[in-house]
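Take a look at the structure below.
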Amino acid sequence: MQAITVRDRDAGFTGMSLTDMPYPHAAENDVIVQVHAAGFTPGELDWPGTWTDRAGRDRTPSVPGHELSGVVVELGFGTTGLSVGQRVFGPSDWTRNGTLAEYVAVEARNLAPLPADIDHTVAAALPISGLTAWQGLFDHGRLTTGQTVLIHGAAGGVGSIAVQLAREAGARVIGTGRSADRERVLALGADIFLDLQAEELEDAGQADVVLDVIGGEILDRSAAVVRAGGTLVSIAMPPKVQPKDGRAVFFVVEPDRIRLTDLAARVRDGRLKLNVDTVRPLAEAPAAFDPGSRTRGKTIIRVTED
């Protein structure tokens with residue numbers, strides 16, 4: 001099969017290439033999925049799991065990408081809950097070969113059935129961003145109706161979904177970003193937009209939950225706007241500054257078949273809109289990792305035509 005591989009950690013995206021790889025093996029409780037569309041996180045070339053397995057051993061050449069939408073073509077021993085020929089979507093495993101390939105082996109529990117009326121390129125944009133937004137807001141942030149949430153990077157993949165989910169839950173939403181993002185974030189349902197290049201974060205007032213995707217100075221300063229009893233949640237790095245009389249949480253997204261099914265239902269009925277900006281073929285995936293190729297939304301890699 002063909003796949004995008006990386007071999008040299010120091011080379012960055014310039015070290016990515018389209019190569020021939022062996023067809024994957026389905027371990028116990030795995031499925032083999034023919035990948036129709038794949039998503040990725042630009043920073044994953046810096047993740048340890050891209051280069052080593054769970055035991056810390058080098059596993060290059062490795063395949064990046066950790067979101068997929070496709071069709072099950074093979075079941076591993078003991079696999080239940082999915083069937084050959086079924087459309088599925090979800091995240092792949094962090095320390096195994098990923099989704100920028102024609103076929104990928106994935107733990108079956110990671111995947112959810114994909115309704116026939118959702119395109120693969122849309123579904124591939126949902127797993128990591130959707131689960132991260134939900135888990136950050138509700139599992140870790142404990143956001144409830146009537147509370148205020150401040151969402152950094154509100155126009156991005158995670159942030160844009162978080163704004164919509166928080167609004168639907170009856171929360172007051174403050175979104176931050178660049179000035180060019182203002183209209184989009186407000187259209188998604190935010191009550192207030194804060195341009196962090198021109199306005200002070202502290203002007204946002206107090207929030208019950210702050211969801212951070214940026215880290216650094218913004219994360220440190222965010223602790224001061226957390227209301228007593230509230231929570232600062234970050235996916236960027238562990239918070240170094242604790243909110244006064246509040247909690248600080250860093251987490252890595254977990255697979256969740258039930259929640260993926262729920263998110264897909266929201267996409268189907270129009271309650272959740274995904275921002276897919278660009279769809280590129282597999283051979284162009286390395287260029288999509290280029291930090292200079294900024295887009296206004298998610299880039300999806302089309303691997304196999306429907």
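Here, A, B, ... name the chains of the structure tokens in the order displayed, residue numbers run from 1 inside each chain, and ligands are numbered from 1 in the same displayed order.
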
| said: Show me, as a list of chain:residue names, the residues that have an atom within 8 Å of Val253 of chain A when counting only C-alpha atoms, minus same-chain residues fewer than 5 positions from it. | reply: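 So, after excluding close chain neighbours, the residues are A:Ile128, A:Leu131, A:Thr132, A:Gln135.
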
| Do you know which residues are at most 12 Å from Ile258 of chain A counting only C-alpha atoms, after dropping those on the same chain fewer than 3 positions away, and could you put them as a PyMOL selection string? | chain A and resi 90+109-113+127+131+254-255+261-265

Counting only C-alpha atoms, which residues in segment 32-105 of chain A sit no more than 10 Å from segment 6-10 of chain A? For each one, give the nearest pair of atoms and the distance in Å, sorted by chain then residue number, as JSON lines.
{"residue": "A:Leu45", "atom": "CA", "partner": "A:Arg9", "partner_atom": "CA", "distance": 7.4}
{"residue": "A:Asp46", "atom": "CA", "partner": "A:Arg9", "partner_atom": "CA", "distance": 7.9}
{"residue": "A:Trp47", "atom": "CA", "partner": "A:Arg9", "partner_atom": "CA", "distance": 10.0}
{"residue": "A:Pro48", "atom": "CA", "partner": "A:Arg9", "partner_atom": "CA", "distance": 9.9}
{"residue": "A:Thr50", "atom": "CA", "partner": "A:Val6", "partner_atom": "CA", "distance": 8.6}
{"residue": "A:Trp51", "atom": "CA", "partner": "A:Arg9", "partner_atom": "CA", "distance": 7.6}
{"residue": "A:Asp58", "atom": "CA", "partner": "A:Arg7", "partner_atom": "CA", "distance": 10.0}
{"residue": "A:Arg59", "atom": "CA", "partner": "A:Arg7", "partner_atom": "CA", "distance": 9.0}
{"residue": "A:Thr60", "atom": "CA", "partner": "A:Arg7", "partner_atom": "CA", "distance": 5.4}
{"residue": "A:Pro61", "atom": "CA", "partner": "A:Arg7", "partner_atom": "CA", "distance": 4.8}
{"residue": "A:Ser62", "atom": "CA", "partner": "A:Val6", "partner_atom": "CA", "distance": 5.5}
{"residue": "A:Val63", "atom": "CA", "partner": "A:Val6", "partner_atom": "CA", "distance": 6.5}
{"residue": "A:Pro64", "atom": "CA", "partner": "A:Val6", "partner_atom": "CA", "distance": 7.5}

Go ahead and dump the residues you just picked, N, CA and C atoms, as a PDB file, in the first residue's frame.
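The result, stored in part.pdb:
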ATOM      1  N   LEU A  45       4.344  15.954  14.451  1.00  0.00           N
ATOM      2  CA  LEU A  45       5.711  15.537  14.165  1.00  0.00           C
ATOM      3  C   LEU A  45       6.627  15.771  15.361  1.00  0.00           C
ATOM      4  N   ASP A  46       6.158  16.524  16.344  1.00  0.00           N
ATOM      5  CA  ASP A  46       6.919  16.725  17.576  1.00  0.00           C
ATOM      6  C   ASP A  46       6.506  15.773  18.687  1.00  0.00           C
ATOM      7  N   TRP A  47       5.476  14.972  18.470  1.00  0.00           N
ATOM      8  CA  TRP A  47       4.990  14.065  19.510  1.00  0.00           C
ATOM      9  C   TRP A  47       5.903  12.844  19.611  1.00  0.00           C
ATOM     10  N   PRO A  48       6.249  12.409  20.831  1.00  0.00           N
ATOM     11  CA  PRO A  48       7.073  11.201  20.987  1.00  0.00           C
ATOM     12  C   PRO A  48       6.465   9.976  20.309  1.00  0.00           C
ATOM     13  N   THR A  50       4.954   9.652  17.631  1.00  0.00           N
ATOM     14  CA  THR A  50       5.183   9.587  16.188  1.00  0.00           C
ATOM     15  C   THR A  50       6.447   8.795  15.872  1.00  0.00           C
ATOM     16  N   TRP A  51       7.372   8.745  16.824  1.00  0.00           N
ATOM     17  CA  TRP A  51       8.691   8.168  16.569  1.00  0.00           C
ATOM     18  C   TRP A  51       8.971   6.884  17.333  1.00  0.00           C
ATOM     19  N   ASP A  58      12.337   2.858  18.868  1.00  0.00           N
ATOM     20  CA  ASP A  58      12.195   3.522  17.576  1.00  0.00           C
ATOM     21  C   ASP A  58      11.325   2.679  16.655  1.00  0.00           C
ATOM     22  N   ARG A  59      10.377   3.324  15.972  1.00  0.00           N
ATOM     23  CA  ARG A  59       9.504   2.584  15.064  1.00  0.00           C
ATOM     24  C   ARG A  59       9.461   3.207  13.668  1.00  0.00           C
ATOM     25  N   THR A  60      10.471   4.000  13.339  1.00  0.00           N
ATOM     26  CA  THR A  60      10.508   4.580  12.003  1.00  0.00           C
ATOM     27  C   THR A  60      10.909   3.525  10.967  1.00  0.00           C
ATOM     28  N   PRO A  61      10.454   3.643   9.714  1.00  0.00           N
ATOM     29  CA  PRO A  61       9.597   4.725   9.215  1.00  0.00           C
ATOM     30  C   PRO A  61       8.170   4.579   9.746  1.00  0.00           C
ATOM     31  N   SER A  62       7.621   5.686  10.206  1.00  0.00           N
ATOM     32  CA  SER A  62       6.282   5.667  10.774  1.00  0.00           C
ATOM     33  C   SER A  62       5.339   6.527   9.948  1.00  0.00           C
ATOM     34  N   VAL A  63       4.055   6.268  10.118  1.00  0.00           N
ATOM     35  CA  VAL A  63       3.011   6.956   9.357  1.00  0.00           C
ATOM     36  C   VAL A  63       2.281   7.931  10.271  1.00  0.00           C
ATOM     37  N   PRO A  64       2.284   9.232   9.981  1.00  0.00           N
ATOM     38  CA  PRO A  64       1.546  10.193  10.797  1.00  0.00           C
ATOM     39  C   PRO A  64       0.040  10.142  10.514  1.00  0.00           C
TER      40      PRO A  64
END

| query | Nearest to Leu165 of chain A: which of A:Trp134, A:Phe77, A:Phe13, A:Phe89 is it, counting only C-alpha atoms? | reply |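 Selected residue with least distance to Leu165 of chain A: A:Trp134.
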
| said: Applying 9 Å and only C-alpha atoms, which residues near His36 of chain A remain after dropping the ones on its own chain fewer than 5 positions away? List them as an MDAnalysis selection string. | reply: chainID A and resid 68:71 102 120:121 124 301:306

Save out the residues we just selected, N, CA, C and O atoms, as a JSON list (two decimals), in the first residue's frame.
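Full text of selection14.json as output:
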[["chain", "number", "residue", "atom", "x", "y", "z"],
["A", 68, "LEU", "N", -9.48, 9.35, 11.03],
["A", 68, "LEU", "CA", -9.81, 8.66, 9.80],
["A", 68, "LEU", "C", -11.31, 8.54, 9.61],
["A", 68, "LEU", "O", -12.09, 8.57, 10.57],
["A", 69, "SER", "N", -11.67, 8.39, 8.35],
["A", 69, "SER", "CA", -13.01, 7.96, 7.97],
["A", 69, "SER", "C", -12.83, 6.99, 6.82],
["A", 69, "SER", "O", -12.05, 7.27, 5.89],
["A", 70, "GLY", "N", -13.47, 5.85, 6.90],
["A", 70, "GLY", "CA", -13.26, 4.85, 5.86],
["A", 70, "GLY", "C", -14.19, 3.67, 6.01],
["A", 70, "GLY", "O", -15.27, 3.77, 6.60],
["A", 71, "VAL", "N", -13.75, 2.51, 5.50],
["A", 71, "VAL", "CA", -14.57, 1.31, 5.46],
["A", 71, "VAL", "C", -13.78, 0.14, 6.03],
["A", 71, "VAL", "O", -12.61, -0.07, 5.67],
["A", 102, "GLU", "N", -3.23, 4.13, 2.80],
["A", 102, "GLU", "CA", -4.41, 3.53, 2.17],
["A", 102, "GLU", "C", -5.14, 2.58, 3.12],
["A", 102, "GLU", "O", -6.37, 2.43, 3.02],
["A", 120, "HIS", "N", -17.05, 11.31, 3.89],
["A", 120, "HIS", "CA", -15.82, 10.93, 4.60],
["A", 120, "HIS", "C", -14.95, 12.15, 4.92],
["A", 120, "HIS", "O", -14.30, 12.20, 5.97],
["A", 121, "THR", "N", -14.89, 13.12, 4.02],
["A", 121, "THR", "CA", -14.04, 14.29, 4.28],
["A", 121, "THR", "C", -14.56, 15.13, 5.44],
["A", 121, "THR", "O", -13.78, 15.82, 6.10],
["A", 124, "ALA", "N", -13.81, 12.90, 8.80],
["A", 124, "ALA", "CA", -12.40, 12.85, 9.20],
["A", 124, "ALA", "C", -11.98, 14.09, 9.98],
["A", 124, "ALA", "O", -10.94, 14.09, 10.64],
["A", 301, "ILE", "N", -7.07, 15.12, 4.20],
["A", 301, "ILE", "CA", -6.39, 14.40, 3.13],
["A", 301, "ILE", "C", -7.33, 13.33, 2.56],
["A", 301, "ILE", "O", -7.78, 12.45, 3.28],
["A", 302, "ARG", "N", -7.61, 13.46, 1.27],
["A", 302, "ARG", "CA", -8.43, 12.45, 0.59],
["A", 302, "ARG", "C", -7.50, 11.32, 0.15],
["A", 302, "ARG", "O", -6.59, 11.53, -0.64],
["A", 303, "VAL", "N", -7.73, 10.13, 0.71],
["A", 303, "VAL", "CA", -6.85, 9.00, 0.43],
["A", 303, "VAL", "C", -7.43, 8.08, -0.63],
["A", 303, "VAL", "O", -6.74, 7.68, -1.57],
["A", 304, "THR", "N", -8.70, 7.73, -0.51],
["A", 304, "THR", "CA", -9.38, 6.84, -1.44],
["A", 304, "THR", "C", -10.68, 7.48, -1.87],
["A", 304, "THR", "O", -11.44, 7.98, -1.03],
["A", 305, "GLU", "N", -10.96, 7.46, -3.16],
["A", 305, "GLU", "CA", -12.24, 7.99, -3.64],
["A", 305, "GLU", "C", -13.37, 7.08, -3.20],
["A", 305, "GLU", "O", -13.23, 5.87, -3.13],
["A", 306, "ASP", "N", -14.54, 7.67, -2.91],
["A", 306, "ASP", "CA", -15.69, 6.88, -2.48],
["A", 306, "ASP", "C", -16.10, 5.91, -3.58],
["A", 306, "ASP", "O", -16.02, 6.25, -4.76]]

| Which residues, written as a ChimeraX atom specification, have at least one atom at most 9 Å from Val84 of chain A, with only C-alpha atoms counted and residues fewer than 2 positions away on the same chain left out? | /A:31,71-75,82,86-87

| Hey, what's within 6 Å of Val149 of chain A if we count only C-alpha atoms and toss same-chain stuff fewer than 6 positions away? As an MDAnalysis selection string, please? | chainID A and resid 173 207:210

| request: Quick one: pull the distance between atom CA of Lys244 of chain A and atom CA of Gly229 of chain A, Å, one decimal. | output: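 The value is 8.6 Å.
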
| request: Going by DSSP on the backbone, which bits of segment 107-230 of chain A are helix (DSSP H, G or I)? Write them as a PyMOL selection string, please. | output: chain A and resi 108-110+120-123+127-140+157-168+179-188+201-204+216-225

| In segment 22-214 of chain A, DSSP strand (DSSP E or B) residues written as a PyMOL selection string | chain A and resi 30-39+52+58+62+67-75+87-91+101+103-107+112-113+148-151+172-177+192-195+207-212

| message | Ranking A:Gly49, A:Pro24, A:Gly130, A:Gly246 by minimum distance to Glu67 of chain A and counting only C-alpha atoms, which one comes first? | response |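 Ranked by minimum distance to Glu67 of chain A, first place goes to A:Gly130.
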
| request: Show which residues sit within 7 Å of segment 19-21 of chain A, as JSON, numbers by chain. Count only C-alpha atoms, and ignore same-chain residues fewer than 5 positions away. | output: {"A": [1, 2, 3, 4, 5]}
